[in-house]
Every structure is written in C-alpha cells, then in structure tokens.
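*Asks:* I'm passing along target03.cif; it holds mmCIF, N, CA, C and O atoms.
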```
data_final
loop_
_atom_site.label_atom_id
_atom_site.label_comp_id
_atom_site.auth_asym_id
_atom_site.auth_seq_id
_atom_site.Cartn_x
_atom_site.Cartn_y
_atom_site.Cartn_z
N MET A 8 16.03 0.58 -0.63
CA MET A 8 14.80 0.13 0.02
C MET A 8 13.97 1.32 0.48
O MET A 8 12.77 1.21 0.59
N GLY A 9 14.60 2.45 0.72
CA GLY A 9 13.86 3.64 1.12
C GLY A 9 12.92 4.13 0.04
O GLY A 9 11.83 4.62 0.31
N GLY A 10 13.37 3.99 -1.23
CA GLY A 10 12.52 4.39 -2.35
C GLY A 10 11.28 3.52 -2.45
O GLY A 10 10.18 4.00 -2.74
N THR A 11 11.46 2.22 -2.21
CA THR A 11 10.32 1.30 -2.23
C THR A 11 9.34 1.64 -1.12
O THR A 11 8.12 1.63 -1.33
N LEU A 12 9.87 1.96 0.05
CA LEU A 12 9.01 2.33 1.18
C LEU A 12 8.20 3.59 0.86
O LEU A 12 7.00 3.64 1.10
N ARG A 13 8.87 4.59 0.28
CA ARG A 13 8.16 5.83 -0.08
C ARG A 13 7.10 5.58 -1.15
O ARG A 13 6.00 6.14 -1.09
N MET A 14 7.41 4.73 -2.14
CA MET A 14 6.46 4.44 -3.19
C MET A 14 5.22 3.71 -2.63
O MET A 14 4.09 4.08 -2.96
N MET A 15 5.44 2.72 -1.79
CA MET A 15 4.32 1.97 -1.22
C MET A 15 3.48 2.87 -0.31
O MET A 15 2.26 2.77 -0.28
N LEU A 16 4.14 3.75 0.42
CA LEU A 16 3.42 4.69 1.28
C LEU A 16 2.60 5.67 0.45
O LEU A 16 1.45 5.98 0.79
N ALA A 17 3.17 6.15 -0.65
CA ALA A 17 2.44 7.08 -1.52
C ALA A 17 1.20 6.41 -2.12
O ALA A 17 0.13 7.03 -2.19
N ILE A 18 1.34 5.16 -2.54
CA ILE A 18 0.18 4.44 -3.10
C ILE A 18 -0.88 4.24 -2.02
O ILE A 18 -2.07 4.40 -2.27
N ALA A 19 -0.45 3.92 -0.79
CA ALA A 19 -1.40 3.74 0.31
C ALA A 19 -2.15 5.04 0.59
O ALA A 19 -3.36 5.03 0.86
N VAL A 20 -1.45 6.16 0.53
CA VAL A 20 -2.09 7.46 0.77
C VAL A 20 -3.10 7.75 -0.34
O VAL A 20 -4.20 8.26 -0.07
N LEU A 21 -2.76 7.43 -1.58
CA LEU A 21 -3.71 7.64 -2.69
C LEU A 21 -4.95 6.77 -2.54
O LEU A 21 -6.07 7.22 -2.79
N ILE A 22 -4.76 5.52 -2.13
CA ILE A 22 -5.91 4.64 -1.91
C ILE A 22 -6.78 5.19 -0.77
O ILE A 22 -8.01 5.24 -0.89
N ALA A 23 -6.15 5.60 0.32
CA ALA A 23 -6.90 6.16 1.45
C ALA A 23 -7.63 7.43 1.05
O ALA A 23 -8.78 7.65 1.47
N ALA A 24 -7.00 8.26 0.23
CA ALA A 24 -7.66 9.49 -0.23
C ALA A 24 -8.87 9.16 -1.09
O ALA A 24 -9.92 9.81 -0.97
N GLY A 25 -8.74 8.16 -1.93
CA GLY A 25 -9.88 7.74 -2.75
C GLY A 25 -11.05 7.26 -1.90
O GLY A 25 -12.21 7.62 -2.14
N TYR A 26 -10.75 6.45 -0.88
CA TYR A 26 -11.82 6.00 0.01
C TYR A 26 -12.38 7.15 0.85
O TYR A 26 -13.56 7.16 1.18
N GLY A 27 -11.52 8.11 1.19
CA GLY A 27 -12.01 9.29 1.92
C GLY A 27 -12.98 10.11 1.10
O GLY A 27 -14.02 10.55 1.59
N ILE A 28 -12.66 10.31 -0.17
CA ILE A 28 -13.57 11.04 -1.06
C ILE A 28 -14.87 10.27 -1.23
O ILE A 28 -15.96 10.86 -1.20
N TYR A 29 -14.76 8.94 -1.38
CA TYR A 29 -15.97 8.13 -1.51
C TYR A 29 -16.83 8.26 -0.25
O TYR A 29 -18.06 8.38 -0.34
N PHE A 30 -16.18 8.23 0.93
CA PHE A 30 -16.92 8.36 2.19
C PHE A 30 -17.63 9.71 2.28
O PHE A 30 -18.78 9.79 2.71
N LEU A 31 -16.92 10.77 1.89
CA LEU A 31 -17.55 12.09 1.92
C LEU A 31 -18.72 12.18 0.95
O LEU A 31 -19.72 12.84 1.23
N TRP A 32 -18.62 11.53 -0.18
CA TRP A 32 -19.67 11.59 -1.19
C TRP A 32 -20.87 10.72 -0.82
O TRP A 32 -22.01 11.16 -0.91
N ALA A 33 -20.61 9.47 -0.37
CA ALA A 33 -21.70 8.52 -0.16
C ALA A 33 -22.13 8.42 1.31
O ALA A 33 -23.23 7.95 1.59
N GLY A 34 -21.27 8.80 2.24
CA GLY A 34 -21.62 8.71 3.65
C GLY A 34 -21.30 7.38 4.29
O GLY A 34 -21.56 7.17 5.46
N HIS A 35 -20.76 6.45 3.55
CA HIS A 35 -20.35 5.15 4.09
C HIS A 35 -19.23 4.59 3.21
O HIS A 35 -19.01 5.07 2.11
N LEU A 36 -18.54 3.60 3.73
CA LEU A 36 -17.47 2.97 2.96
C LEU A 36 -18.00 1.70 2.28
O LEU A 36 -18.90 1.05 2.81
N PRO A 37 -17.44 1.33 1.14
CA PRO A 37 -17.87 0.09 0.49
C PRO A 37 -17.55 -1.13 1.35
O PRO A 37 -16.66 -1.09 2.21
N ASP A 38 -18.25 -2.22 1.09
CA ASP A 38 -18.05 -3.43 1.88
C ASP A 38 -16.66 -4.05 1.67
O ASP A 38 -16.15 -4.73 2.55
N HIS A 39 -16.06 -3.81 0.53
CA HIS A 39 -14.78 -4.45 0.22
C HIS A 39 -13.57 -3.65 0.68
O HIS A 39 -12.44 -4.02 0.37
N THR A 40 -13.76 -2.61 1.46
CA THR A 40 -12.65 -1.76 1.90
C THR A 40 -11.61 -2.54 2.69
O THR A 40 -10.40 -2.40 2.45
N LEU A 41 -12.04 -3.38 3.60
CA LEU A 41 -11.12 -4.16 4.41
C LEU A 41 -10.34 -5.15 3.55
O LEU A 41 -9.13 -5.35 3.75
N LYS A 42 -11.00 -5.75 2.57
CA LYS A 42 -10.32 -6.69 1.67
C LYS A 42 -9.23 -5.97 0.87
O LYS A 42 -8.14 -6.51 0.66
N VAL A 43 -9.51 -4.75 0.42
CA VAL A 43 -8.52 -3.98 -0.33
C VAL A 43 -7.33 -3.66 0.57
O VAL A 43 -6.17 -3.80 0.15
N ALA A 44 -7.58 -3.25 1.80
CA ALA A 44 -6.50 -2.90 2.73
C ALA A 44 -5.62 -4.12 3.04
O ALA A 44 -4.39 -4.02 3.04
N ILE A 45 -6.24 -5.26 3.28
CA ILE A 45 -5.48 -6.48 3.57
C ILE A 45 -4.69 -6.92 2.35
O ILE A 45 -3.52 -7.29 2.45
N SER A 46 -5.29 -6.85 1.17
CA SER A 46 -4.59 -7.23 -0.05
C SER A 46 -3.39 -6.34 -0.30
O SER A 46 -2.31 -6.81 -0.68
N TYR A 47 -3.54 -5.05 -0.08
CA TYR A 47 -2.43 -4.13 -0.27
C TYR A 47 -1.33 -4.39 0.77
O TYR A 47 -0.15 -4.31 0.45
N GLY A 48 -1.71 -4.70 1.99
CA GLY A 48 -0.72 -5.02 3.02
C GLY A 48 0.08 -6.27 2.66
O GLY A 48 1.30 -6.30 2.82
N VAL A 49 -0.59 -7.30 2.16
CA VAL A 49 0.10 -8.52 1.74
C VAL A 49 1.03 -8.22 0.57
O VAL A 49 2.18 -8.68 0.54
N LEU A 50 0.56 -7.44 -0.40
CA LEU A 50 1.39 -7.06 -1.54
C LEU A 50 2.63 -6.29 -1.08
O LEU A 50 3.74 -6.54 -1.57
N THR A 51 2.46 -5.39 -0.13
CA THR A 51 3.58 -4.63 0.39
C THR A 51 4.60 -5.54 1.07
O THR A 51 5.81 -5.39 0.88
N LEU A 52 4.13 -6.49 1.86
CA LEU A 52 5.04 -7.43 2.51
C LEU A 52 5.81 -8.25 1.48
O LEU A 52 7.01 -8.48 1.63
N ILE A 53 5.12 -8.71 0.44
CA ILE A 53 5.79 -9.48 -0.61
C ILE A 53 6.87 -8.65 -1.29
O ILE A 53 7.98 -9.12 -1.54
N VAL A 54 6.56 -7.39 -1.58
CA VAL A 54 7.55 -6.50 -2.22
C VAL A 54 8.77 -6.33 -1.32
O VAL A 54 9.91 -6.39 -1.79
N PHE A 55 8.58 -6.13 -0.03
CA PHE A 55 9.71 -5.95 0.87
C PHE A 55 10.53 -7.23 1.01
O PHE A 55 11.76 -7.17 1.07
N VAL A 56 9.88 -8.38 1.06
CA VAL A 56 10.61 -9.64 1.15
C VAL A 56 11.45 -9.85 -0.10
O VAL A 56 12.63 -10.21 -0.03
N ILE A 57 10.87 -9.61 -1.27
CA ILE A 57 11.62 -9.76 -2.52
C ILE A 57 12.78 -8.77 -2.56
O ILE A 57 13.88 -9.10 -2.98
N THR A 58 12.55 -7.55 -2.09
CA THR A 58 13.62 -6.55 -2.07
C THR A 58 14.75 -6.99 -1.15
O THR A 58 15.93 -6.85 -1.49
N LEU A 59 14.43 -7.52 0.02
CA LEU A 59 15.47 -7.98 0.94
C LEU A 59 16.23 -9.18 0.39
O LEU A 59 17.44 -9.30 0.59
N ILE A 60 15.53 -10.08 -0.28
CA ILE A 60 16.18 -11.29 -0.83
C ILE A 60 17.11 -10.92 -1.97
O ILE A 60 18.21 -11.46 -2.07
N THR A 61 16.71 -10.02 -2.83
CA THR A 61 17.49 -9.71 -4.03
C THR A 61 18.53 -8.62 -3.79
O THR A 61 19.28 -8.31 -4.71
N LYS A 62 18.57 -8.01 -2.63
CA LYS A 62 19.52 -6.95 -2.34
C LYS A 62 20.92 -7.56 -2.18
O LYS A 62 21.10 -8.49 -1.41
N PRO A 63 21.91 -7.05 -2.90
CA PRO A 63 23.27 -7.56 -2.73
C PRO A 63 23.79 -7.35 -1.30
O PRO A 63 23.44 -6.38 -0.64
N ALA A 64 24.63 -8.25 -0.84
CA ALA A 64 25.09 -8.24 0.55
C ALA A 64 25.91 -7.01 0.90
O ALA A 64 25.82 -6.50 2.00
N GLY A 65 26.70 -6.49 -0.02
CA GLY A 65 27.58 -5.38 0.29
C GLY A 65 26.98 -4.02 0.04
O GLY A 65 27.63 -2.99 0.24
N GLU A 66 25.72 -3.95 -0.37
CA GLU A 66 25.10 -2.67 -0.71
C GLU A 66 24.84 -1.83 0.53
O GLU A 66 24.33 -2.32 1.53
N LYS A 67 25.19 -0.56 0.49
CA LYS A 67 25.03 0.33 1.64
C LYS A 67 23.83 1.25 1.50
O LYS A 67 23.58 2.06 2.34
N HIS A 68 23.05 1.17 0.45
CA HIS A 68 21.94 2.09 0.19
C HIS A 68 20.79 1.74 1.06
O HIS A 68 20.08 0.93 1.09
#
```
I'd like the structure from this file rewritten - as structure tokens, please.
*Replies:*
Amino acid sequence: MGGTLRMMLAIAVLIAAGYGIYFLWAGHLPDHTLKVAISYGVLTLIVFVITLITKPAGEKH
C-alpha cells in the first residue's frame, strides 16, 4: 500500500506543478481546477478502498 500512496502522491505533485506553471504563465488558474482536484481525490479514495479490500489478510507489506 505504500507504493500506491507514493504513486498517487507523485501524480498529485505533477498535477499541482502543471497548474503552477499555468498560473505563472497566465496569472490565474482555470475555472475547472477545483473539479480536477475533487475528481482526483475521489479517484484516490477509490484506489485505496480497492487496495484495502483486495489485500490478503495475512500480508505484512
């Protein structure tokens, strides 16, 4: 599960960096920024729930 957490965090950092570059270039953020953040948060929660459900009971990783 730690690998999934690192992967989702890395993708979030890349998305934030993209919006940061856009902000520096245009001086404002697009209107859909909040929708993207919420959608990514929901996707992350779904991934973690699926990971917890499918994880074998005796796994120590």
*Asks:* Could you pull out all residues of range 17-50 of chain A with a DSSP call of helix (DSSP H, G or I) and give them as a ChimeraX atom specification?
*Replies:* /A:17-33,40-50
*Asks:* Between atom O of Ala17 in chain A and atom N of Leu41 in chain A, measure the distance and give it in Å to one decimal.
*Replies:* 17.0 Å
*Asks:* Compile the contact shell of Met15 in chain A as JSON, numbers by chain: residues with an atom at most 12 Å away, counting only C-alpha atoms, same-chain residues fewer than 6 positions apart removed.
*Replies:* {"A": [8, 9, 21, 22, 47, 48, 49, 50, 51, 52, 53, 54, 55]}
*Asks:* One decimal, in Å: what's the spacing between atom N of Ile60 in chain A and atom O of Leu12 in chain A?
*Replies:*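 Atom-to-atom, atom N of Ile60 in chain A to atom O of Leu12 in chain A, that is 16.2 Å.
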*Asks:* In Å to one decimal, how far is atom N of Lys42 in chain A from atom C of Gly25 in chain A?
*Replies:* 13.8 Å
